[in-house]
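File shown: protein-v1.cif (mmCIF, C-alpha atoms).
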data_my_file
#
loop_
_atom_site.label_atom_id
_atom_site.label_comp_id
_atom_site.auth_asym_id
_atom_site.auth_seq_id
_atom_site.Cartn_x
_atom_site.Cartn_y
_atom_site.Cartn_z
CA MET A 1 -33.50 -8.13 -23.50
CA THR A 2 -36.66 -6.61 -24.99
CA LEU A 3 -38.45 -7.24 -21.73
CA MET A 4 -35.67 -5.56 -19.82
CA PHE A 5 -35.66 -2.59 -22.20
CA SER A 6 -39.39 -2.11 -21.90
CA ARG A 7 -39.10 -2.37 -18.12
CA ALA A 8 -36.34 0.22 -18.15
CA ILE A 9 -38.47 2.59 -20.23
CA SER A 10 -41.44 2.16 -17.93
CA TYR A 11 -39.26 2.76 -14.85
CA ARG A 12 -37.79 5.81 -16.53
CA SER A 13 -41.12 7.38 -17.35
CA VAL A 14 -42.47 6.72 -13.88
CA TRP A 15 -39.32 8.09 -12.34
CA ASP A 16 -39.35 11.24 -14.48
CA PHE A 17 -42.87 12.31 -13.73
CA THR A 18 -43.64 11.19 -10.22
CA ALA A 19 -40.54 11.82 -8.14
CA PRO A 20 -40.44 15.19 -6.41
CA ASP A 21 -37.41 17.41 -7.01
CA SER A 22 -36.22 17.15 -3.42
CA ILE A 23 -35.85 13.38 -3.81
CA VAL A 24 -33.99 13.87 -7.07
CA GLU A 25 -31.61 16.31 -5.42
CA SER A 26 -30.95 13.87 -2.64
CA GLN A 27 -30.31 10.99 -5.05
CA ARG A 28 -26.87 12.13 -6.12
CA TRP A 29 -25.51 9.35 -3.88
CA ILE A 30 -26.48 6.89 -6.62
CA LEU A 31 -23.87 8.43 -8.89
CA SER A 32 -21.34 8.38 -6.05
CA THR A 33 -22.12 4.70 -5.47
CA MET A 34 -21.64 4.02 -9.16
CA GLN A 35 -18.32 5.82 -9.05
CA LYS A 36 -17.17 4.03 -5.92
CA TYR A 37 -18.21 0.43 -6.57
CA GLY A 38 -18.78 0.44 -10.34
CA GLN A 39 -15.46 -1.07 -11.26
CA GLU A 40 -15.67 -3.87 -8.68
CA LEU A 41 -19.25 -4.63 -9.70
CA VAL A 42 -18.42 -4.79 -13.40
CA THR A 43 -15.48 -7.11 -12.68
CA MET A 44 -17.67 -9.40 -10.57
CA LEU A 45 -20.48 -9.43 -13.13
CA TRP A 46 -18.05 -10.11 -15.96
CA ARG A 47 -16.60 -13.07 -14.11
CA ILE A 48 -20.03 -14.48 -13.30
CA LEU A 49 -21.60 -13.91 -16.70
CA GLY A 50 -18.71 -13.84 -19.17
CA ASN A 51 -20.75 -11.81 -21.65
CA GLU A 52 -20.40 -8.04 -22.00
CA GLN A 53 -23.99 -7.27 -22.98
CA ASP A 54 -25.30 -9.32 -20.05
CA VAL A 55 -22.89 -7.45 -17.75
CA CYS A 56 -24.27 -4.09 -18.92
CA ASP A 57 -27.87 -5.30 -18.45
CA ALA A 58 -27.21 -6.69 -14.97
CA TYR A 59 -25.38 -3.51 -13.97
CA GLN A 60 -28.24 -1.36 -15.22
CA ASP A 61 -30.81 -3.45 -13.36
CA THR A 62 -28.76 -3.22 -10.16
CA PHE A 63 -28.76 0.57 -10.19
CA LEU A 64 -32.38 0.69 -11.25
CA GLN A 65 -33.27 -1.36 -8.17
CA LEU A 66 -31.06 0.85 -6.04
CA ALA A 67 -32.80 3.99 -7.31
CA HIS A 68 -36.20 2.48 -6.45
CA HIS A 69 -35.22 1.06 -3.08
CA GLU A 70 -38.02 2.02 -0.64
CA GLY A 71 -39.16 4.94 -2.77
CA GLY A 72 -35.70 6.30 -3.44
CA LEU A 73 -34.25 6.05 0.05
CA LYS A 74 -30.59 5.23 0.52
CA PRO A 75 -30.07 1.72 1.95
CA ARG A 76 -28.25 1.54 5.28
CA ASN A 77 -25.36 -0.43 3.78
CA VAL A 78 -25.13 0.59 0.12
CA LYS A 79 -22.17 -1.68 -0.67
CA ALA A 80 -23.93 -4.73 0.72
CA TYR A 81 -27.08 -3.84 -1.17
CA VAL A 82 -25.49 -3.34 -4.59
CA PHE A 83 -23.29 -6.43 -4.33
CA ARG A 84 -26.16 -8.67 -3.26
CA VAL A 85 -28.54 -7.31 -5.87
CA ALA A 86 -25.94 -7.56 -8.65
CA ASN A 87 -25.12 -11.08 -7.56
CA ASN A 88 -28.76 -12.17 -7.56
CA ILE A 89 -29.46 -10.59 -10.94
CA ALA A 90 -26.37 -12.20 -12.48
CA VAL A 91 -27.31 -15.63 -11.14
CA SER A 92 -30.89 -15.28 -12.40
CA MET A 93 -29.44 -14.51 -15.84
CA LEU A 94 -27.16 -17.54 -15.61
CA ARG A 95 -30.07 -19.80 -14.69
CA ARG A 96 -32.13 -18.44 -17.56
CA ARG A 97 -29.23 -19.09 -19.92
CA VAL A 98 -28.85 -22.67 -18.64
CA ALA A 99 -32.58 -23.28 -19.02
CA GLU A 100 -32.53 -21.94 -22.58
CA ARG A 101 -29.55 -24.13 -23.43
CA ASN A 102 -31.25 -27.19 -21.98
CA LYS A 103 -34.25 -26.59 -24.24
CA LEU A 104 -32.04 -26.89 -27.33
CA PRO A 105 -31.47 -30.35 -28.80
CA MET A 106 -28.15 -32.05 -27.92
CA SER A 107 -26.77 -31.68 -31.46
CA VAL A 108 -26.97 -27.86 -31.27
CA THR A 109 -25.24 -27.59 -27.88
CA THR A 110 -21.48 -27.89 -27.48
CA GLY A 111 -21.61 -31.58 -26.77
CA LYS A 112 -20.97 -31.58 -23.05
CA ALA A 113 -21.26 -35.34 -22.79
CA ILE A 114 -18.14 -36.01 -24.82
CA SER A 115 -15.27 -36.08 -22.37
CA SER A 116 -11.61 -36.01 -23.26
CA PRO A 117 -8.40 -35.01 -21.44
CA VAL A 118 -7.95 -32.06 -23.81
CA LYS A 119 -11.46 -30.83 -23.11
CA GLU A 120 -11.02 -31.21 -19.37
CA LEU A 121 -8.33 -28.52 -19.50
CA ASP A 122 -10.15 -26.34 -22.01
CA SER A 123 -10.59 -22.94 -20.38
CA LYS A 124 -13.96 -22.07 -21.90
CA TYR A 125 -15.42 -25.49 -21.23
CA LEU A 126 -14.34 -25.43 -17.58
CA GLN A 127 -15.69 -21.92 -17.09
CA GLU A 128 -19.02 -22.84 -18.62
CA ILE A 129 -19.39 -25.90 -16.39
CA LEU A 130 -18.43 -23.89 -13.31
CA ARG A 131 -20.99 -21.20 -14.16
CA ASP A 132 -23.71 -23.83 -14.52
CA CYS A 133 -22.74 -25.36 -11.18
CA ILE A 134 -22.56 -21.99 -9.40
CA ALA A 135 -26.08 -21.22 -10.60
CA GLN A 136 -27.29 -24.44 -8.94
CA LEU A 137 -25.65 -23.77 -5.56
CA PRO A 138 -27.81 -22.87 -2.55
CA GLU A 139 -28.00 -19.11 -2.05
CA HIS A 140 -25.86 -18.87 1.11
CA LEU A 141 -23.00 -20.86 -0.46
CA ARG A 142 -23.31 -19.16 -3.84
CA ASN A 143 -23.13 -15.66 -2.34
CA VAL A 144 -19.93 -16.49 -0.50
CA ILE A 145 -18.16 -18.09 -3.45
CA THR A 146 -19.05 -15.28 -5.85
CA LEU A 147 -18.09 -12.54 -3.42
CA ARG A 148 -14.88 -14.26 -2.32
CA ASP A 149 -13.56 -15.76 -5.55
CA LEU A 150 -15.09 -13.60 -8.24
CA ALA A 151 -15.40 -10.20 -6.53
CA GLU A 152 -12.21 -10.85 -4.53
CA LEU A 153 -13.58 -9.38 -1.31
CA SER A 154 -12.10 -10.29 2.05
CA TYR A 155 -13.94 -12.64 4.43
CA ALA A 156 -14.51 -9.72 6.80
CA GLN A 157 -16.16 -7.68 4.01
CA ILE A 158 -18.24 -10.69 2.96
CA GLY A 159 -19.33 -11.15 6.56
CA ARG A 160 -20.49 -7.54 6.71
CA ILE A 161 -22.31 -7.79 3.36
CA LEU A 162 -24.12 -11.03 4.16
CA GLY A 163 -24.56 -10.41 7.88
CA ILE A 164 -22.53 -13.45 8.96
CA SER A 165 -19.21 -13.87 10.74
CA SER A 166 -16.02 -14.23 8.71
CA ALA A 167 -15.51 -17.74 10.13
CA THR A 168 -18.94 -18.75 8.83
CA ALA A 169 -18.04 -17.27 5.45
CA ARG A 170 -14.90 -19.45 5.38
CA VAL A 171 -16.91 -22.56 6.21
CA TYR A 172 -19.49 -21.74 3.51
CA ARG A 173 -16.73 -21.23 0.94
CA CYS A 174 -15.20 -24.58 1.82
CA LYS A 175 -18.58 -26.32 1.51
CA ALA A 176 -19.28 -24.56 -1.79
CA VAL A 177 -15.95 -25.72 -3.27
CA GLN A 178 -16.62 -29.30 -2.14
CA LEU A 179 -20.07 -29.25 -3.68
CA LEU A 180 -18.79 -27.70 -6.91
CA ALA A 181 -16.04 -30.33 -7.10
CA VAL A 182 -18.58 -33.14 -6.82
CA TRP A 183 -20.93 -31.58 -9.37
CA MET A 184 -18.17 -30.74 -11.82
CA GLY A 185 -16.92 -34.31 -11.61
CA ARG A 186 -20.43 -35.55 -12.33
CA GLU A 187 -20.91 -33.15 -15.28
CA GLU A 188 -18.03 -34.79 -17.12
CA MET B 1 -8.08 -1.60 32.38
CA LYS B 2 -7.65 -0.75 28.71
CA MET B 3 -4.00 -1.86 28.74
CA THR B 4 -4.97 -5.21 30.25
CA LYS B 5 -7.52 -5.72 27.50
CA ILE B 6 -4.93 -4.92 24.79
CA LYS B 7 -2.46 -7.35 26.39
CA THR B 8 -5.08 -10.09 26.55
CA ASP B 9 -6.02 -9.44 22.89
CA ASN B 10 -2.37 -9.71 21.83
CA LYS B 11 -2.00 -12.97 23.74
CA CYS B 12 -5.16 -14.33 22.17
CA ARG B 13 -3.88 -13.36 18.73
CA GLN B 14 -0.55 -15.04 19.39
CA ILE B 15 -2.28 -18.22 20.51
CA ARG B 16 -4.56 -18.16 17.48
CA THR B 17 -1.64 -17.66 15.09
CA TRP B 18 0.34 -20.42 16.74
CA LEU B 19 -2.67 -22.74 16.67
CA TYR B 20 -3.42 -22.10 12.97
CA ALA B 21 0.24 -22.54 12.01
CA ASN B 22 0.52 -25.83 13.89
CA LEU B 23 -2.79 -27.14 12.64
CA ASN B 24 -1.82 -26.27 9.08
CA ARG B 25 1.54 -27.96 9.48
CA HIS B 26 0.08 -31.16 10.87
CA PHE B 27 -3.36 -31.30 9.29
CA GLY B 28 -3.18 -28.92 6.31
CA PRO B 29 -2.97 -29.90 2.64
CA GLU B 30 0.82 -29.81 2.75
CA ALA B 31 1.11 -32.34 5.59
CA ASN B 32 3.35 -35.31 4.77
CA TRP B 33 1.01 -38.01 6.06
CA LEU B 34 -1.80 -36.58 3.89
CA ASN B 35 0.39 -36.51 0.77
CA ASN B 36 1.46 -40.11 1.44
CA HIS B 37 -2.16 -41.15 1.84
CA ILE B 38 -3.26 -39.40 -1.36
CA MET B 39 -0.46 -41.09 -3.28
CA HIS B 40 -1.97 -44.50 -2.48
CA CYS B 41 -5.71 -43.70 -2.36
CA PRO B 42 -7.50 -43.43 -5.73
CA ARG B 43 -10.68 -42.05 -4.10
CA CYS B 44 -8.83 -39.15 -2.46
CA GLN B 45 -6.91 -38.59 -5.68
CA ARG B 46 -10.21 -38.15 -7.52
CA ARG B 47 -11.44 -35.71 -4.86
CA LEU B 48 -8.22 -33.71 -5.00
CA ILE B 49 -8.40 -33.56 -8.79
CA SER B 50 -12.00 -32.31 -8.62
CA CYS B 51 -11.11 -29.59 -6.10
CA SER B 52 -8.12 -28.56 -8.21
CA LYS B 53 -10.39 -28.43 -11.24
CA VAL B 54 -12.72 -26.01 -9.42
CA ASN B 55 -9.77 -23.81 -8.47
CA LEU B 56 -8.46 -23.98 -12.03
CA ALA B 57 -11.83 -22.95 -13.45
CA ILE B 58 -12.03 -20.04 -10.98
CA SER B 59 -8.52 -18.96 -12.03
CA PHE B 60 -9.60 -19.09 -15.69
CA MET B 61 -12.62 -16.93 -14.87
CA LYS B 62 -10.46 -14.41 -13.05
CA SER B 63 -7.84 -14.22 -15.78
CA GLN B 64 -10.32 -13.69 -18.62
CA PRO B 65 -9.96 -10.04 -19.74
CA HIS B 66 -12.88 -7.89 -20.86
CA ASN B 67 -12.87 -4.92 -23.22
CA LEU B 68 -11.38 -1.76 -21.78
CA ASP B 69 -14.55 0.23 -22.41
CA LEU B 70 -16.89 -2.19 -20.59
CA LEU B 71 -17.11 -0.02 -17.46
CA MET B 72 -17.79 3.03 -19.60
CA ARG B 73 -20.58 1.26 -21.51
CA ALA B 74 -22.12 -0.18 -18.34
CA ASN B 75 -22.10 3.23 -16.67
CA ALA B 76 -23.63 4.88 -19.75
CA GLN B 77 -26.40 2.27 -19.87
CA ALA B 78 -27.12 2.59 -16.15
CA VAL B 79 -27.06 6.40 -16.15
CA ALA B 80 -29.48 6.42 -19.08
CA VAL B 81 -32.28 5.00 -16.93
CA LEU B 82 -31.83 7.37 -14.00
CA LYS B 83 -33.87 10.53 -13.46
CA HIS B 84 -33.41 13.13 -16.21
CA SER B 85 -31.74 15.71 -13.97
CA LEU B 86 -29.32 13.11 -12.60
CA ARG B 87 -28.36 12.17 -16.13
CA HIS B 88 -27.07 15.68 -16.78
CA GLU B 89 -25.00 15.93 -13.61
CA PRO B 90 -21.25 16.48 -14.27
CA LYS B 91 -20.54 13.30 -12.30
CA ALA B 92 -22.77 11.32 -14.65
CA GLN B 93 -20.87 12.65 -17.65
CA GLU B 94 -17.64 11.71 -15.94
CA LEU B 95 -18.95 8.18 -15.31
CA LYS B 96 -19.78 7.76 -18.98
CA ARG B 97 -16.12 8.33 -19.83
CA LYS B 98 -14.65 6.35 -16.95
CA LEU B 99 -12.09 3.66 -17.74
CA PRO B 100 -11.01 0.92 -15.33
CA GLU B 101 -8.10 1.93 -13.13
CA PRO B 102 -5.71 -0.42 -11.40
CA ARG B 103 -6.06 -0.61 -7.63
CA PHE B 104 -3.82 1.51 -5.42
CA THR B 105 -1.87 -1.55 -4.24
CA GLU B 106 -1.42 -2.77 -7.82
CA ASN B 107 -0.24 0.70 -8.80
CA CYS B 108 2.25 0.88 -5.99
CA GLY B 109 3.40 -2.69 -6.48
CA LYS B 110 5.65 -1.87 -9.42
CA TYR B 111 7.39 0.88 -7.44
CA GLY B 112 7.94 -1.37 -4.43
CA HIS B 113 11.49 -2.42 -5.36
CA SER B 114 12.52 1.13 -6.29
CA VAL B 115 11.16 2.49 -2.99
CA ALA B 116 12.96 -0.24 -1.03
CA ASN B 117 16.23 0.49 -2.87
CA LEU B 118 15.88 4.22 -2.29
CA ALA B 119 15.17 3.69 1.42
CA ALA B 120 18.21 1.43 1.72
CA CYS B 121 20.42 4.03 -0.05
CA ILE B 122 19.18 6.83 2.24
CA LEU B 123 19.83 4.68 5.31
CA ILE B 124 23.35 3.81 4.15
CA MET B 125 24.07 7.47 3.39
CA LEU B 126 22.82 8.53 6.82
CA LEU B 127 24.91 5.88 8.56
CA MET B 128 27.96 6.85 6.50
CA LYS B 129 27.44 10.52 7.24
CA MET B 130 27.10 9.87 10.97
CA GLY B 131 30.13 7.61 10.97
CA VAL B 132 32.33 9.97 8.93
CA PHE B 133 31.44 13.04 10.98
CA SER B 134 31.96 11.33 14.33
CA SER B 135 35.32 9.89 13.15
CA MET B 136 36.46 13.31 11.93
CA ASP B 137 35.48 14.89 15.22
CA ASN B 138 37.29 12.17 17.13
CA PHE B 139 40.33 12.46 14.90
CA GLN B 140 40.49 16.27 15.41
CA SER B 141 40.22 16.10 19.20
CA GLN B 142 42.80 13.29 19.45
CA GLY B 143 45.19 15.23 17.20
CA GLN B 144 44.89 18.37 19.29
CA LYS B 145 45.49 16.40 22.49
CA VAL B 146 48.64 14.84 21.06
CA ILE B 147 50.01 18.21 19.88
CA ARG B 148 49.23 19.79 23.26
CA GLN B 149 50.98 16.98 25.12
CA TYR B 150 53.97 17.29 22.82
CA TYR B 151 54.26 21.04 23.40
CA SER B 152 53.74 20.76 27.14
CA ARG B 153 56.54 18.18 27.30
CA GLN B 154 58.88 20.35 25.17
CA ILE B 155 58.20 23.89 26.32
CA GLY B 156 56.25 23.53 29.56
CA LYS B 157 52.61 23.68 30.59
CA ASP B 158 52.30 27.44 31.01
CA LEU B 159 53.54 28.26 27.56
CA THR B 160 51.40 25.51 26.05
CA ASP B 161 48.31 26.99 27.72
CA GLU B 162 49.19 30.33 26.18
CA ILE B 163 49.66 28.84 22.71
CA PHE B 164 46.60 26.60 22.94
CA PRO B 165 44.01 28.49 24.92
CA GLU B 166 40.97 26.54 26.24
CA GLU B 167 38.65 28.00 23.50
CA THR B 168 40.53 26.26 20.72
CA MET B 169 39.93 22.84 22.29
CA PRO B 170 36.87 20.94 21.18
CA SER B 171 34.08 21.24 23.71
CA HIS B 172 34.02 17.56 24.71
CA SER B 173 37.82 17.43 25.23
CA ILE B 174 37.86 20.29 27.82
CA ASN B 175 38.50 18.97 31.27
CA PRO B 176 35.82 20.32 33.61
CA ARG B 177 38.24 20.19 36.57
CA ARG B 178 40.19 23.13 35.06
CA PHE B 179 37.21 25.42 35.45
CA THR B 180 36.98 24.55 39.13
CA ASN B 181 40.63 25.58 39.58
CA ILE B 182 39.85 29.05 38.18
#

Output the structure of this file as structure tokens.
Amino acid sequence: MTLMFSRAISYRSVWDFTAPDSIVESQRWILSTMQKYGQELVTMLWRILGNEQDVCDAYQDTFLQLAHHEGGLKPRNVKAYVFRVANNIAVSMLRRRVAERNKLPMSVTTGKAISSPVKELDSKYLQEILRDCIAQLPEHLRNVITLRDLAELSYAQIGRILGISSATARVYRCKAVQLLAVWMGREE
Amino acid sequence: MKMTKIKTDNKCRQIRTWLYANLNRHFGPEANWLNNHIMHCPRCQRRLISCSKVNLAISFMKSQPHNLDLLMRANAQAVAVLKHSLRHEPKAQELKRKLPEPRFTENCGKYGHSVANLAACILIMLLMKMGVFSSMDNFQSQGQKVIRQYYSRQIGKDLTDEIFPEETMPSHSINPRRFTNI
């Protein structure tokens, strides 16, 4: 968090003093993008991360990257760019969180190893396991499952965002679910 | 050329739809032979349970609500790191106060039944109006014909024509042959 804050400050200062006014004037599209896709992005980030502060940080980082894309130029497909960046940032955060949890001794963690029928249907427990498993998925499968199931985009939209056909997106989603099923079974 | 292409596309779509429907019926998760197999195969049962668990976990993730002001806070945090002049744009101020809004389809969903009922009422009213007016028109013309016939039988055709001139007859009941006689 501190690292992120310091990075934000440094970006801000650089941005304030080096960017010419013409670029600033032409960067109003960032606000339009925020207005257009903000709600969908926040929903997706919330579902991936499940923590409000992390959602705000990931959202901020996404727009920071967008503002600095190729010296402030607008990407060709803004929607694809913001969704992919937000997705990647959220997954990096998830991985970091998993790594930090793994460093803690078993007694401090929630006791994942203990399995019981009640726990198997516990909402928070299932969500936590799924998040861990999603973070481990290969990038192409992970992108499809997050965009399809968590951002609720259509296969056609996913195809356009990831540069694949909608049929390929369907196949990737199917593979991702199979892999997650195996891993989730193993986790318990 | 264009028409041929559209026709071919439609045919392709029909074939695709038919193919998917048939494949789903015979090889989809609802197929009888598959259900029978799963009932007796512990390995497939385990796989099905695992897949259902993934879907359940995804549903849990989707149904988890967040605070109403999350979008507002996220926007405020993101706007705060943009260029100073962008931060003071009216749009930026608007974003800082923005609350999540339901999608257009979700918004319209609750009015769906009312709209359908209203459309049905309007249709019924239109049909009734058309039916009532055409019956009244028919009834009027038939009545006039009967009265005219009665008078012509009682007092003769010439007198009847004087009493009931052609103008009083409804337009569709005037015999066009009469005009040719004049």

Evaluate the PyMOL selection byres ((chain B) within 8 of (chain A)) on the structure here and hand back the selected residues as a ChimeraX atom specification. /B:47,50-51,53-54,57-58,60-62,64,66,70-71,73-75,77-79,81-86,91-92,95,100

So what do you get for CA of Ile164 (chain A) versus CA of Asn10 (chain B), distance-wise? 24.2 Å

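For the atom pair formed by CA of Asp132 (chain A) and CA of Arg97 (chain A), the distance is 9.1 Å, given to one decimal.
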
d(CA of Val98 (chain A), CA of Leu141 (chain A)) in Å: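 Atom-to-atom, CA of Val98 (chain A) and CA of Leu141 (chain A) are spaced 19.2 Å apart.
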
Please enumerate the residues selected by the PyMOL selection byres ((chain A and resi 166-169) around 12) when evaluated against the supplied file, formatted as a compact mmCIF listing (two decimals) with C-alpha atoms, keeping the file's coordinate frame.
# COMPACT_ATOMS: atom_id res chain seq x y z
CA HIS A 140 -25.86 -18.87 1.11
CA LEU A 141 -23.00 -20.86 -0.46
CA ARG A 142 -23.31 -19.16 -3.84
CA ASN A 143 -23.13 -15.66 -2.34
CA VAL A 144 -19.93 -16.49 -0.50
CA ILE A 145 -18.16 -18.09 -3.45
CA THR A 146 -19.05 -15.28 -5.85
CA LEU A 147 -18.09 -12.54 -3.42
CA ARG A 148 -14.88 -14.26 -2.32
CA ASP A 149 -13.56 -15.76 -5.55
CA LEU A 153 -13.58 -9.38 -1.31
CA SER A 154 -12.10 -10.29 2.05
CA TYR A 155 -13.94 -12.64 4.43
CA ALA A 156 -14.51 -9.72 6.80
CA GLN A 157 -16.16 -7.68 4.01
CA ILE A 158 -18.24 -10.69 2.96
CA GLY A 159 -19.33 -11.15 6.56
CA ARG A 160 -20.49 -7.54 6.71
CA ILE A 161 -22.31 -7.79 3.36
CA LEU A 162 -24.12 -11.03 4.16
CA GLY A 163 -24.56 -10.41 7.88
CA ILE A 164 -22.53 -13.45 8.96
CA SER A 165 -19.21 -13.87 10.74
CA ARG A 170 -14.90 -19.45 5.38
CA VAL A 171 -16.91 -22.56 6.21
CA TYR A 172 -19.49 -21.74 3.51
CA ARG A 173 -16.73 -21.23 0.94
CA CYS A 174 -15.20 -24.58 1.82
CA LYS A 175 -18.58 -26.32 1.51
CA ALA A 176 -19.28 -24.56 -1.79
